[in-house]
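Pasted below: structure-v4.tsv, TSV, C-alpha atoms.
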```tsv
chain	number	residue	atom	x	y	z
A	687	MET	CA	-10.26	-15.25	5.37
A	688	GLY	CA	-13.44	-14.49	7.29
A	689	SER	CA	-15.95	-11.94	6.25
A	690	LYS	CA	-16.52	-8.27	6.69
A	691	LYS	CA	-19.56	-6.29	7.57
A	692	THR	CA	-21.83	-4.96	4.94
A	693	ASP	CA	-20.40	-1.83	3.90
A	694	ILE	CA	-20.88	0.91	1.48
A	695	THR	CA	-18.32	3.39	2.66
A	696	SER	CA	-17.33	6.64	1.12
A	697	ALA	CA	-15.21	9.73	1.46
A	698	PRO	CA	-16.23	12.00	4.31
A	699	PRO	CA	-18.48	14.95	3.48
A	700	VAL	CA	-17.04	18.42	3.84
A	701	LEU	CA	-19.44	19.35	6.65
A	702	ARG	CA	-19.52	16.41	9.00
A	703	ARG	CA	-22.41	15.72	11.33
A	704	ASP	CA	-22.38	13.48	14.33
A	705	PRO	CA	-22.52	9.87	12.99
A	706	TYR	CA	-25.07	8.94	15.66
A	707	GLU	CA	-27.26	11.81	14.52
A	708	VAL	CA	-26.93	10.83	10.86
A	709	LEU	CA	-28.02	7.25	11.51
A	710	SER	CA	-30.62	8.33	14.12
A	711	VAL	CA	-29.25	6.03	16.81
A	712	SER	CA	-28.15	6.64	20.40
A	713	ARG	CA	-24.58	6.45	21.65
A	714	ASP	CA	-25.31	3.21	23.50
A	715	SER	CA	-26.87	1.50	20.46
A	716	THR	CA	-25.83	-2.07	19.73
A	717	ASP	CA	-24.00	-3.12	16.58
A	718	GLN	CA	-27.18	-4.71	15.29
A	719	GLU	CA	-29.21	-1.53	15.85
A	720	ILE	CA	-26.60	0.51	14.00
A	721	LYS	CA	-26.54	-2.00	11.14
A	722	THR	CA	-30.34	-1.98	10.82
A	723	ALA	CA	-30.48	1.81	10.76
A	724	TYR	CA	-27.76	1.93	8.13
A	725	ARG	CA	-29.49	-0.57	5.85
A	726	LYS	CA	-32.73	1.43	5.82
A	727	LEU	CA	-31.02	4.73	5.11
A	728	ALA	CA	-28.63	3.26	2.53
A	729	LEU	CA	-31.57	1.87	0.57
A	730	LYS	CA	-33.50	5.12	0.93
A	731	TYR	CA	-30.72	7.33	-0.44
A	732	HIS	CA	-28.98	4.86	-2.80
A	733	PRO	CA	-28.00	6.51	-6.15
A	734	ASP	CA	-29.79	3.77	-8.08
A	735	LYS	CA	-33.12	4.96	-6.70
A	736	ASN	CA	-32.34	8.68	-6.77
A	737	ALA	CA	-30.61	9.29	-10.10
A	738	SER	CA	-32.19	12.73	-10.49
A	739	ASN	CA	-31.69	13.84	-6.89
A	740	PRO	CA	-28.15	15.12	-6.15
A	741	GLU	CA	-29.06	15.78	-2.53
A	742	ALA	CA	-29.87	12.10	-2.00
A	743	SER	CA	-26.44	11.17	-3.31
A	744	GLU	CA	-24.77	13.42	-0.74
A	745	LEU	CA	-26.95	12.01	2.02
A	746	PHE	CA	-26.00	8.52	0.90
A	747	LYS	CA	-22.30	9.41	1.24
A	748	GLU	CA	-22.94	10.87	4.68
A	749	VAL	CA	-24.77	7.73	5.79
A	750	ALA	CA	-21.98	5.52	4.41
A	751	TYR	CA	-19.28	7.60	6.10
A	752	SER	CA	-21.08	7.54	9.44
A	753	TYR	CA	-21.56	3.78	9.25
A	754	SER	CA	-17.88	3.26	8.42
A	755	ILE	CA	-17.08	4.85	11.78
A	756	LEU	CA	-19.73	3.28	14.01
A	757	SER	CA	-19.42	-0.20	12.50
A	758	ASP	CA	-15.72	-0.37	13.38
A	759	PRO	CA	-15.16	-0.85	17.15
A	760	GLU	CA	-11.79	0.93	17.14
A	761	LYS	CA	-12.96	3.90	15.06
A	762	ARG	CA	-16.10	4.18	17.17
A	763	ARG	CA	-14.02	4.22	20.34
A	764	GLN	CA	-11.72	6.90	18.90
A	765	TYR	CA	-14.66	9.04	17.81
A	766	ASP	CA	-16.42	8.69	21.18
A	767	SER	CA	-13.21	9.74	22.90
A	768	ASP	CA	-11.87	12.59	20.72
A	769	GLY	CA	-14.30	13.18	17.87
A	770	PHE	CA	-13.37	13.42	14.20
A	771	GLU	CA	-9.86	14.67	15.00
A	772	ALA	CA	-8.93	11.21	16.28
A	773	LEU	CA	-9.82	9.54	12.99
A	774	ASP	CA	-7.39	9.14	10.15
A	775	VAL	CA	-9.63	10.27	7.29
A	776	GLU	CA	-7.19	9.07	4.64
A	777	SER	CA	-7.49	5.49	5.86
A	778	MET	CA	-11.26	5.44	5.51
A	779	ASP	CA	-12.52	3.01	2.92
A	780	MET	CA	-13.91	4.33	-0.33
A	781	GLU	CA	-16.36	2.54	-2.59
A	782	ILE	CA	-17.91	3.38	-5.93
A	783	ASP	CA	-21.24	2.46	-7.44
A	784	LEU	CA	-20.59	0.92	-10.87
A	785	SER	CA	-24.23	1.14	-11.89
A	786	ASN	CA	-24.11	4.93	-11.52
A	787	LEU	CA	-20.55	5.50	-12.73
A	788	GLY	CA	-20.94	5.99	-16.49
A	789	THR	CA	-19.00	4.32	-19.29
A	790	VAL	CA	-15.93	6.59	-19.30
A	791	ASN	CA	-15.42	6.50	-15.54
A	792	THR	CA	-15.99	2.75	-15.55
A	793	VAL	CA	-13.17	2.38	-18.07
A	794	PHE	CA	-10.83	4.36	-15.82
A	795	ALA	CA	-11.89	2.36	-12.76
A	796	ALA	CA	-11.26	-0.88	-14.65
A	797	LEU	CA	-7.83	0.37	-15.72
A	798	PHE	CA	-6.80	1.28	-12.18
A	799	SER	CA	-8.06	-2.07	-10.92
A	800	LYS	CA	-6.00	-3.83	-13.61
A	801	LEU	CA	-2.93	-1.93	-12.44
A	802	GLY	CA	-3.44	-3.25	-8.93
A	803	VAL	CA	-5.11	-0.21	-7.34
A	804	PRO	CA	-7.69	-1.55	-4.86
A	805	ILE	CA	-11.13	-0.26	-5.81
A	806	LYS	CA	-14.11	-1.18	-3.67
A	807	THR	CA	-17.55	-1.23	-5.20
A	808	THR	CA	-21.03	-1.04	-3.75
A	809	ILE	CA	-23.79	-3.57	-4.21
A	810	SER	CA	-26.61	-2.50	-6.48
A	811	ALA	CA	-29.59	-1.13	-4.59
A	812	ASN	CA	-31.89	-3.18	-6.81
A	813	VAL	CA	-30.28	-6.41	-5.59
A	814	LEU	CA	-30.49	-5.33	-1.95
A	815	GLU	CA	-34.09	-4.21	-2.28
A	816	GLU	CA	-35.22	-7.39	-4.03
A	817	ALA	CA	-33.56	-9.43	-1.29
A	818	LEU	CA	-35.19	-7.30	1.41
A	819	ASN	CA	-38.58	-7.79	-0.23
A	820	GLY	CA	-38.02	-11.54	-0.50
A	821	THR	CA	-38.59	-11.56	-4.27
A	822	VAL	CA	-35.29	-13.22	-5.24
A	823	THR	CA	-34.99	-16.76	-6.62
A	824	VAL	CA	-33.08	-19.03	-4.23
A	825	ARG	CA	-31.43	-22.18	-5.58
A	826	PRO	CA	-30.56	-25.06	-3.21
A	827	LEU	CA	-26.88	-25.72	-2.48
A	828	PRO	CA	-26.61	-28.97	-0.48
A	829	VAL	CA	-23.64	-29.30	1.88
A	830	GLY	CA	-20.84	-31.21	0.17
A	831	THR	CA	-21.76	-30.09	-3.35
A	832	SER	CA	-20.81	-27.30	-5.73
A	833	VAL	CA	-22.63	-25.26	-8.38
A	834	SER	CA	-21.05	-23.42	-11.31
A	835	GLY	CA	-22.53	-20.53	-13.25
A	836	LYS	CA	-22.18	-17.10	-14.81
A	837	VAL	CA	-23.68	-13.98	-13.27
A	838	GLU	CA	-24.17	-10.65	-15.03
A	839	LYS	CA	-22.43	-7.55	-13.69
A	840	GLN	CA	-24.26	-5.88	-10.78
A	841	CYS	CA	-26.58	-8.92	-10.50
A	842	ALA	CA	-26.63	-11.80	-8.02
A	843	HIS	CA	-27.39	-15.51	-7.88
A	844	PHE	CA	-28.88	-16.63	-4.56
A	845	PHE	CA	-28.34	-20.02	-2.90
A	846	GLY	CA	-29.88	-21.70	0.12
A	847	VAL	CA	-27.61	-23.87	2.29
A	848	THR	CA	-29.55	-26.09	4.68
A	849	ILE	CA	-27.60	-27.56	7.61
A	850	ASN	CA	-28.57	-29.90	10.47
A	851	GLU	CA	-27.53	-29.76	14.13
A	852	GLN	CA	-24.44	-31.96	13.65
A	853	GLN	CA	-23.19	-29.91	10.71
A	854	ALA	CA	-23.82	-26.65	12.53
A	855	GLU	CA	-21.83	-27.91	15.51
A	856	ALA	CA	-18.94	-29.08	13.33
A	857	GLY	CA	-18.81	-25.83	11.36
A	858	ILE	CA	-19.61	-24.72	7.82
A	859	VAL	CA	-17.44	-23.26	5.07
A	860	VAL	CA	-18.78	-21.59	1.92
A	861	ARG	CA	-16.28	-20.77	-0.81
A	862	VAL	CA	-16.45	-19.29	-4.31
A	863	THR	CA	-13.70	-19.54	-6.92
A	864	SER	CA	-13.28	-18.31	-10.49
A	865	THR	CA	-10.73	-19.83	-12.85
A	866	THR	CA	-11.21	-16.88	-15.22
A	867	GLN	CA	-10.16	-14.39	-12.51
A	868	SER	CA	-13.61	-12.80	-12.44
A	869	LYS	CA	-14.34	-10.15	-9.82
A	870	PHE	CA	-17.28	-11.03	-7.59
A	871	LYS	CA	-18.63	-10.72	-4.07
A	872	LEU	CA	-19.75	-13.53	-1.80
A	873	LEU	CA	-22.73	-12.32	0.24
A	874	TYR	CA	-24.47	-13.70	3.32
A	875	PHE	CA	-28.01	-12.62	4.19
A	876	GLU	CA	-29.92	-12.86	7.45
A	877	GLN	CA	-33.67	-13.41	7.37
A	878	ASP	CA	-35.75	-10.43	8.45
A	879	ALA	CA	-39.00	-10.57	10.35
A	880	ASN	CA	-40.98	-9.63	7.23
A	881	GLY	CA	-39.69	-12.67	5.36
A	882	GLY	CA	-37.03	-10.85	3.34
A	883	TYR	CA	-33.26	-11.08	3.52
A	884	GLY	CA	-30.97	-8.37	4.87
A	885	LEU	CA	-27.32	-8.23	3.91
A	886	ALA	CA	-25.14	-9.21	6.87
A	887	LEU	CA	-21.70	-10.07	5.48
A	888	GLN	CA	-19.79	-9.64	2.28
A	889	GLU	CA	-16.46	-10.91	1.06
A	890	ASP	CA	-14.79	-9.46	-2.04
A	891	SER	CA	-12.90	-11.81	-4.33
A	892	GLU	CA	-9.13	-11.72	-4.03
A	893	LYS	CA	-6.29	-12.82	-6.24
A	894	PRO	CA	-3.82	-15.22	-4.61
A	895	GLY	CA	-0.35	-14.09	-3.63
A	896	LYS	CA	2.56	-14.71	-5.99
A	897	GLU	CA	3.59	-18.02	-4.40
A	898	ASP	CA	-0.01	-19.24	-4.10
A	899	SER	CA	-0.65	-18.24	-7.72
A	900	GLU	CA	2.17	-20.50	-8.90
A	901	LYS	CA	0.62	-23.42	-7.04
A	902	SER	CA	-3.09	-22.92	-7.71
A	903	GLY	CA	-3.00	-21.13	-11.05
A	904	LYS	CA	-4.71	-17.86	-11.91
A	905	VAL	CA	-7.89	-17.92	-9.84
A	906	THR	CA	-9.85	-15.48	-7.71
A	907	SER	CA	-11.62	-16.66	-4.59
A	908	ALA	CA	-13.64	-15.64	-1.56
A	909	GLY	CA	-14.73	-17.63	1.46
A	910	MET	CA	-16.74	-17.48	4.67
A	911	TYR	CA	-15.76	-19.67	7.60
A	912	PHE	CA	-18.25	-20.42	10.38
A	913	LEU	CA	-16.04	-22.58	12.61
A	914	HIS	CA	-16.91	-21.49	16.19
A	915	PHE	CA	-13.73	-19.44	16.59
A	916	GLN	CA	-12.77	-15.98	15.42
A	917	VAL	CA	-11.66	-15.89	11.82
A	918	TYR	CA	-10.39	-12.92	9.85
A	919	ARG	CA	-10.48	-11.58	6.33
A	920	MET	CA	-7.80	-9.52	4.63
A	921	ASP	CA	-9.00	-6.11	3.46
A	922	SER	CA	-6.43	-5.05	0.86
A	923	THR	CA	-7.92	-1.56	0.55
A	924	LEU	CA	-7.39	-0.66	4.19
A	925	ASN	CA	-4.76	2.07	4.54
A	926	ALA	CA	-4.21	1.96	0.77
A	927	LEU	CA	-3.58	5.72	0.57
A	928	ALA	CA	-1.20	5.68	3.51
A	929	ILE	CA	0.72	2.79	1.95
A	930	ALA	CA	0.98	4.67	-1.34
A	931	LYS	CA	2.60	7.61	0.45
A	932	ASP	CA	4.99	5.52	2.55
A	933	PRO	CA	6.64	2.46	0.93
A	934	ASP	CA	7.61	1.07	4.35
A	935	ALA	CA	3.95	1.03	5.32
A	936	ALA	CA	3.29	-1.54	2.60
A	937	PHE	CA	5.01	-4.03	4.88
A	938	PHE	CA	4.09	-2.77	8.32
A	939	LYS	CA	0.42	-2.14	7.49
A	940	ARG	CA	-0.04	-5.38	5.61
A	941	LEU	CA	-1.51	-7.27	8.54
A	942	GLU	CA	-3.57	-4.26	9.65
A	943	GLY	CA	-5.99	-5.24	6.89
A	944	LEU	CA	-7.10	-8.23	8.97
A	945	GLN	CA	-10.71	-7.63	9.90
A	946	PRO	CA	-12.68	-9.95	12.22
A	947	CYS	CA	-15.77	-11.67	10.91
A	948	GLU	CA	-18.67	-10.78	13.18
A	949	VAL	CA	-20.43	-14.10	12.57
A	950	SER	CA	-18.43	-17.15	13.67
A	951	GLU	CA	-21.12	-19.83	13.65
A	952	LEU	CA	-24.39	-20.79	12.01
A	953	LYS	CA	-27.40	-22.45	13.59
A	954	ALA	CA	-29.26	-25.36	12.09
A	955	GLY	CA	-31.62	-24.29	9.31
A	956	THR	CA	-31.43	-22.70	5.86
A	957	HIS	CA	-28.97	-19.88	5.27
A	958	ILE	CA	-28.93	-17.59	2.25
A	959	PHE	CA	-25.75	-16.84	0.31
A	960	ALA	CA	-25.29	-15.06	-3.02
A	961	VAL	CA	-22.63	-14.54	-5.68
A	962	TYR	CA	-22.65	-10.95	-6.94
A	963	GLY	CA	-21.09	-10.10	-10.32
A	964	ASP	CA	-18.49	-7.39	-9.73
A	965	ASN	CA	-16.74	-7.26	-13.11
A	966	PHE	CA	-16.64	-3.83	-14.76
A	967	PHE	CA	-17.98	-4.97	-18.12
A	968	LYS	CA	-18.45	-8.72	-18.53
A	969	THR	CA	-20.20	-11.55	-16.70
A	970	ALA	CA	-18.49	-13.28	-13.79
A	971	THR	CA	-17.82	-17.02	-14.02
A	972	TYR	CA	-17.84	-18.82	-10.68
A	973	THR	CA	-18.11	-22.07	-8.74
A	974	ILE	CA	-19.69	-22.01	-5.27
A	975	GLU	CA	-19.45	-24.87	-2.78
A	976	ALA	CA	-20.63	-25.54	0.77
A	977	LEU	CA	-18.56	-27.80	3.03
A	978	CYS	CA	-18.93	-29.30	6.49
A	979	ALA	CA	-15.79	-28.88	8.59
A	980	LYS	CA	-16.29	-32.34	10.11
A	981	THR	CA	-14.34	-33.89	7.24
A	982	TYR	CA	-11.65	-31.19	7.50
A	983	GLU	CA	-10.79	-31.37	11.21
A	984	ASP	CA	-7.02	-31.22	10.67
A	985	THR	CA	-7.37	-28.31	8.27
A	986	THR	CA	-9.66	-26.50	10.71
A	987	GLU	CA	-7.10	-26.85	13.52
A	988	LYS	CA	-4.36	-25.57	11.22
A	989	LEU	CA	-6.48	-22.56	10.35
A	990	LYS	CA	-7.15	-21.83	14.02
A	991	ASP	CA	-3.45	-22.07	14.80
A	992	ILE	CA	-2.33	-19.90	11.87
A	993	GLU	CA	-4.90	-17.22	12.71
A	994	ALA	CA	-3.45	-17.00	16.22
A	995	GLN	CA	0.10	-16.81	14.85
A	996	ILE	CA	-0.82	-14.03	12.44
A	997	LEU	CA	-2.45	-12.00	15.22
A	998	ARG	CA	0.67	-12.36	17.37
A	999	LYS	CA	2.81	-11.36	14.43
A	1000	ARG	CA	0.65	-8.28	13.85
A	1001	ASN	CA	1.26	-7.18	17.45
A	1002	GLU	CA	4.98	-7.84	17.06
A	1003	LEU	CA	5.09	-5.78	13.87
A	1004	ARG	CA	3.39	-2.85	15.57
A	1005	GLN	CA	6.17	-2.83	18.17
A	1006	PHE	CA	8.87	-3.46	15.60
A	1007	GLU	CA	7.61	-0.60	13.42
A	1008	THR	CA	8.23	1.81	16.29
A	1009	GLU	CA	11.76	0.47	16.75
A	1010	TYR	CA	12.39	0.48	13.00
A	1011	ARG	CA	11.28	4.06	12.48
A	1012	LYS	CA	13.42	5.24	15.39
A	1013	ALA	CA	16.40	3.40	13.93
A	1014	LEU	CA	15.62	4.76	10.47
A	1015	ALA	CA	15.46	8.31	11.82
A	1016	ARG	CA	18.78	7.74	13.59
A	1017	PHE	CA	20.27	6.28	10.40
A	1018	GLN	CA	19.18	9.31	8.39
A	1019	GLU	CA	20.67	11.53	11.08
A	1020	VAL	CA	24.07	9.79	11.02
A	1021	THR	CA	23.99	9.63	7.20
A	1022	ASN	CA	23.58	13.39	7.07
A	1023	ARG	CA	26.35	13.73	9.66
A	1024	TYR	CA	28.55	11.48	7.51
A	1025	SER	CA	28.08	13.71	4.46
A	1026	GLN	CA	28.80	16.84	6.48
A	1027	GLU	CA	31.91	15.36	8.11
A	1028	LYS	CA	33.23	14.09	4.77
A	1029	GLN	CA	32.86	17.54	3.25
A	1030	SER	CA	34.55	19.08	6.28
A	1031	VAL	CA	37.53	16.69	6.11
A	1032	ASP	CA	37.96	17.27	2.37
A	1033	GLU	CA	38.00	21.04	2.93
A	1034	LEU	CA	40.55	20.81	5.78
A	1035	LEU	CA	42.91	18.65	3.73
A	1036	LYS	CA	42.57	21.03	0.80
A	1037	GLN	CA	43.54	23.97	3.03
A	1038	ARG	CA	46.44	21.91	4.45
A	1039	ASP	CA	47.81	21.20	0.96
A	1040	SER	CA	47.57	24.88	0.11
A	1041	ILE	CA	49.53	25.83	3.21
A	1042	HIS	CA	52.20	23.22	2.45
A	1043	ALA	CA	52.65	24.68	-1.03
A	1044	SER	CA	53.38	28.10	0.48
A	1045	PHE	CA	56.62	26.85	2.04
A	1046	THR	CA	59.08	27.48	-0.93
A	1047	VAL	CA	61.92	29.85	-1.94
A	1048	THR	CA	61.16	29.48	-5.59
A	1049	LYS	CA	59.08	32.26	-7.00
A	1050	MET	CA	58.14	32.65	-10.59
A	1051	VAL	CA	58.55	36.07	-12.15
A	1052	SER	CA	57.11	37.39	-15.33
A	1053	TYR	CA	58.86	36.76	-18.65
A	1054	LEU	CA	61.17	39.57	-19.64
A	1055	SER	CA	60.32	41.63	-22.67
A	1056	ASN	CA	63.29	40.21	-24.68
A	1057	GLY	CA	62.02	36.68	-24.31
A	1058	SER	CA	64.60	35.50	-21.79
A	1059	THR	CA	63.46	32.95	-19.21
A	1060	SER	CA	62.68	33.79	-15.63
A	1061	LYS	CA	65.46	34.12	-13.15
A	1062	VAL	CA	65.94	32.29	-9.95
A	1063	ILE	CA	66.08	34.70	-7.05
A	1064	GLY	CA	68.76	33.99	-4.43
A	1065	ASP	CA	71.27	32.20	-6.72
A	1066	ASP	CA	72.71	35.18	-8.67
A	1067	SER	CA	76.40	34.46	-7.94
A	1068	LYS	CA	76.20	31.15	-9.82
A	1069	ALA	CA	73.90	32.16	-12.59
A	1070	GLU	CA	75.63	35.43	-13.47
A	1071	SER	CA	79.37	34.88	-12.55
A	1072	PRO	CA	81.59	37.34	-14.48
A	1073	VAL	CA	84.37	36.10	-16.87
A	1074	GLU	CA	87.75	36.83	-15.37
A	1075	ASP	CA	90.97	37.62	-17.41
A	1076	GLY	CA	92.86	34.41	-18.02
A	1077	GLY	CA	89.73	32.41	-17.48
A	1078	SER	CA	88.38	29.70	-19.67
A	1079	ASP	CA	86.89	32.14	-22.14
A	1080	GLY	CA	90.32	33.69	-22.74
A	1081	LYS	CA	91.81	30.30	-23.46
A	1082	ASP	CA	89.08	29.50	-25.95
A	1083	LYS	CA	89.74	32.69	-27.86
A	1084	SER	CA	93.48	31.90	-28.03
A	1085	SER	CA	92.71	28.44	-29.33
A	1086	LYS	CA	90.47	29.81	-32.03
A	1087	LYS	CA	93.17	32.20	-33.19
A	1088	LYS	CA	95.79	29.41	-33.39
A	1089	TRP	CA	93.36	27.25	-35.34
A	1090	PHE	CA	92.69	29.97	-37.86
A	1091	ASN	CA	96.40	30.65	-38.15
A	1092	LEU	CA	97.07	27.00	-38.95
A	1093	ASN	CA	94.46	26.95	-41.66
A	1094	LEU	CA	95.80	30.08	-43.13
A	1095	LYS	CA	99.36	28.83	-43.14
A	1096	GLY	CA	98.27	25.62	-44.82
A	1097	SER	CA	96.49	27.47	-47.58
A	1098	GLU	CA	99.55	29.65	-48.24
A	1099	LYS	CA	101.70	26.63	-48.83
A	1100	LYS	CA	99.32	25.38	-51.42
```
Target format structure tokens, applied to this file:
Amino acid sequence: MGSKKTDITSAPPVLRRDPYEVLSVSRDSTDQEIKTAYRKLALKYHPDKNASNPEASELFKEVAYSYSILSDPEKRRQYDSDGFEALDVESMDMEIDLSNLGTVNTVFAALFSKLGVPIKTTISANVLEEALNGTVTVRPLPVGTSVSGKVEKQCAHFFGVTINEQQAEAGIVVRVTSTTQSKFKLLYFEQDANGGYGLALQEDSEKPGKEDSEKSGKVTSAGMYFLHFQVYRMDSTLNALAIAKDPDAAFFKRLEGLQPCEVSELKAGTHIFAVYGDNFFKTATYTIEALCAKTYEDTTEKLKDIEAQILRKRNELRQFETEYRKALARFQEVTNRYSQEKQSVDELLKQRDSIHASFTVTKMVSYLSNGSTSKVIGDDSKAESPVEDGGSDGKDKSSKKKWFNLNLKGSEKK
């Protein structure tokens, strides 16, 4: 959406000095004073200009880290209140300098970027220095027109947009798109007293969301909106590490990437913009256009309304996240209780079945040595009843004798 401050940020140094001391500014310095001090020091210690000086590289990181704190109102307030302990170091932005990265590391950076890992890159010190010295070539970009081109990696094409009083009052929009999905930065420069141009804002190109991609095709874009009301840009790298550690944060922290643009309007005159090639290896193809919001009044009102809705939704999500995490903790608690209670019930029922099985008069005894089956204790009178004289066995024997006698008598006759 809107634009972010200029910004080479880096990982914090191991030994951290007071950010105000690093930038040589006082605690009551204005945002502009902090920005000016940062620009001078960033150019002084930039790796491009100090390739053989490792100490300068460390100082550059320290300057970048200090600026990342003091340029953010919330982080500055936290630091002023509680020092470094109040800052979430893991959420600090990290940027790399492609011009000083080397081929192998550039390949890895390109691979991670392709996989969707947000990687922020710095702007070449040569580009910034040439702009500051006023030695860049500026092409005119009339309002209501567009210009297409190709820019080499770590190089920039500069454009001058001249606006009158009526256009300035109505509002100006500058957008860049790439149908080849090139990575680029849209830059805005303010004119310095010495006639050069100092970087004031930058907007990194973004791929559209899934639904937008289906509608608009595979394009990357970046825009700056000077419409006399607060507009925001979405910084996809903000809290990237925290999101990677906590999947739920990918949703709840999504709107935390909204960063306010510190310039909401332009005055009549000529304003300098640039398209910076941010591809890892190849040139960036782009189309830049400057528009007057006068012919987009309905669209401007819709943007103003949706910005307000998104901000309200961000506040609602912050509150909902607290409720959700409490509920999630409670859910995990009852889920653990469920598993424990289920195990307990299964064990009790198992013991109950075992006790039930103990209520029986039948007991198995070992097989006898002669192979006879086990006996049933308590029913001996029926199982082992003696044969009495005149009983059934006696009758059977008598019958057998008569039968044999008959056979014998029959055989004698024959």
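Note that the spacing between atom CA of A:Pro933 and atom CA of A:Leu1014 amounts to 13.3 Å.
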Give me, as number ranges by chain, all polymer residues having an atom no more than 12 Å from A:Arg1011, counting only C-alpha atoms and skipping those fewer than 6 positions away in the same chain. A: 932, 934-935, 938, 1003-1005, 1017-1018
Edge lengths and centre in Å to one decimal, as AutoDock Vina command-line options, of the axis-aligned box that encloses all listed atoms of stretch 836-841 of chain A with 6 Å added on every side?
```
--center_x -24.4 --center_y -11.5 --center_z -12.8 --size_x 16.4 --size_y 23.2 --size_z 16.5
```
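Computed from the coordinates, the atom CA of A:Lys836 to atom CA of A:Gly909 distance equals 17.9 Å.
When all atoms listed in the file are used to compute distances to A:Thr971, the closest of the residues A:Gln877, A:Gln867, A:Thr722, A:Ser1030 turns out to be A:Gln867.
Taking atom CA of A:Tyr706 and atom CA of A:Ile755 as endpoints, the distance between them is 9.8 Å.
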Determine the nearest neighbour of A:Glu942 from the options A:Ala1015, A:Cys978, A:Glu1002, A:Phe912, counting only C-alpha atoms. A:Glu1002
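For the choices A:Asp717, A:Phe770, A:Ser832, A:Ala737, the atom-to-atom distance to A:Arg702 is smallest for A:Phe770 when using all atoms listed in the file.
Distance annotation: of A:Thr956, A:Ser950, A:Ser757, A:Gln945, the residue with the minimal separation from A:Phe915 is A:Ser950; atom set is only C-alpha atoms.
Counting all atoms listed in the file, the residue from A:Gly820, A:Gly769, A:Pro759, A:Pro894 that sits nearest to A:Ser864 is A:Pro894.
Among the candidates A:Asp1032, A:Glu975, A:Glu744, A:Asp1039, the one nearest to A:Pro826 when counting all atoms listed in the file is A:Glu975.
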Identify, on the basis of all atoms listed in the file, every residue whose closest approach to A:Ser834 does not exceed 8 Å; exclude the query and any residue fewer than 4 positions from it along the same chain; express the result as a ChimeraX atom specification. /A:971-974
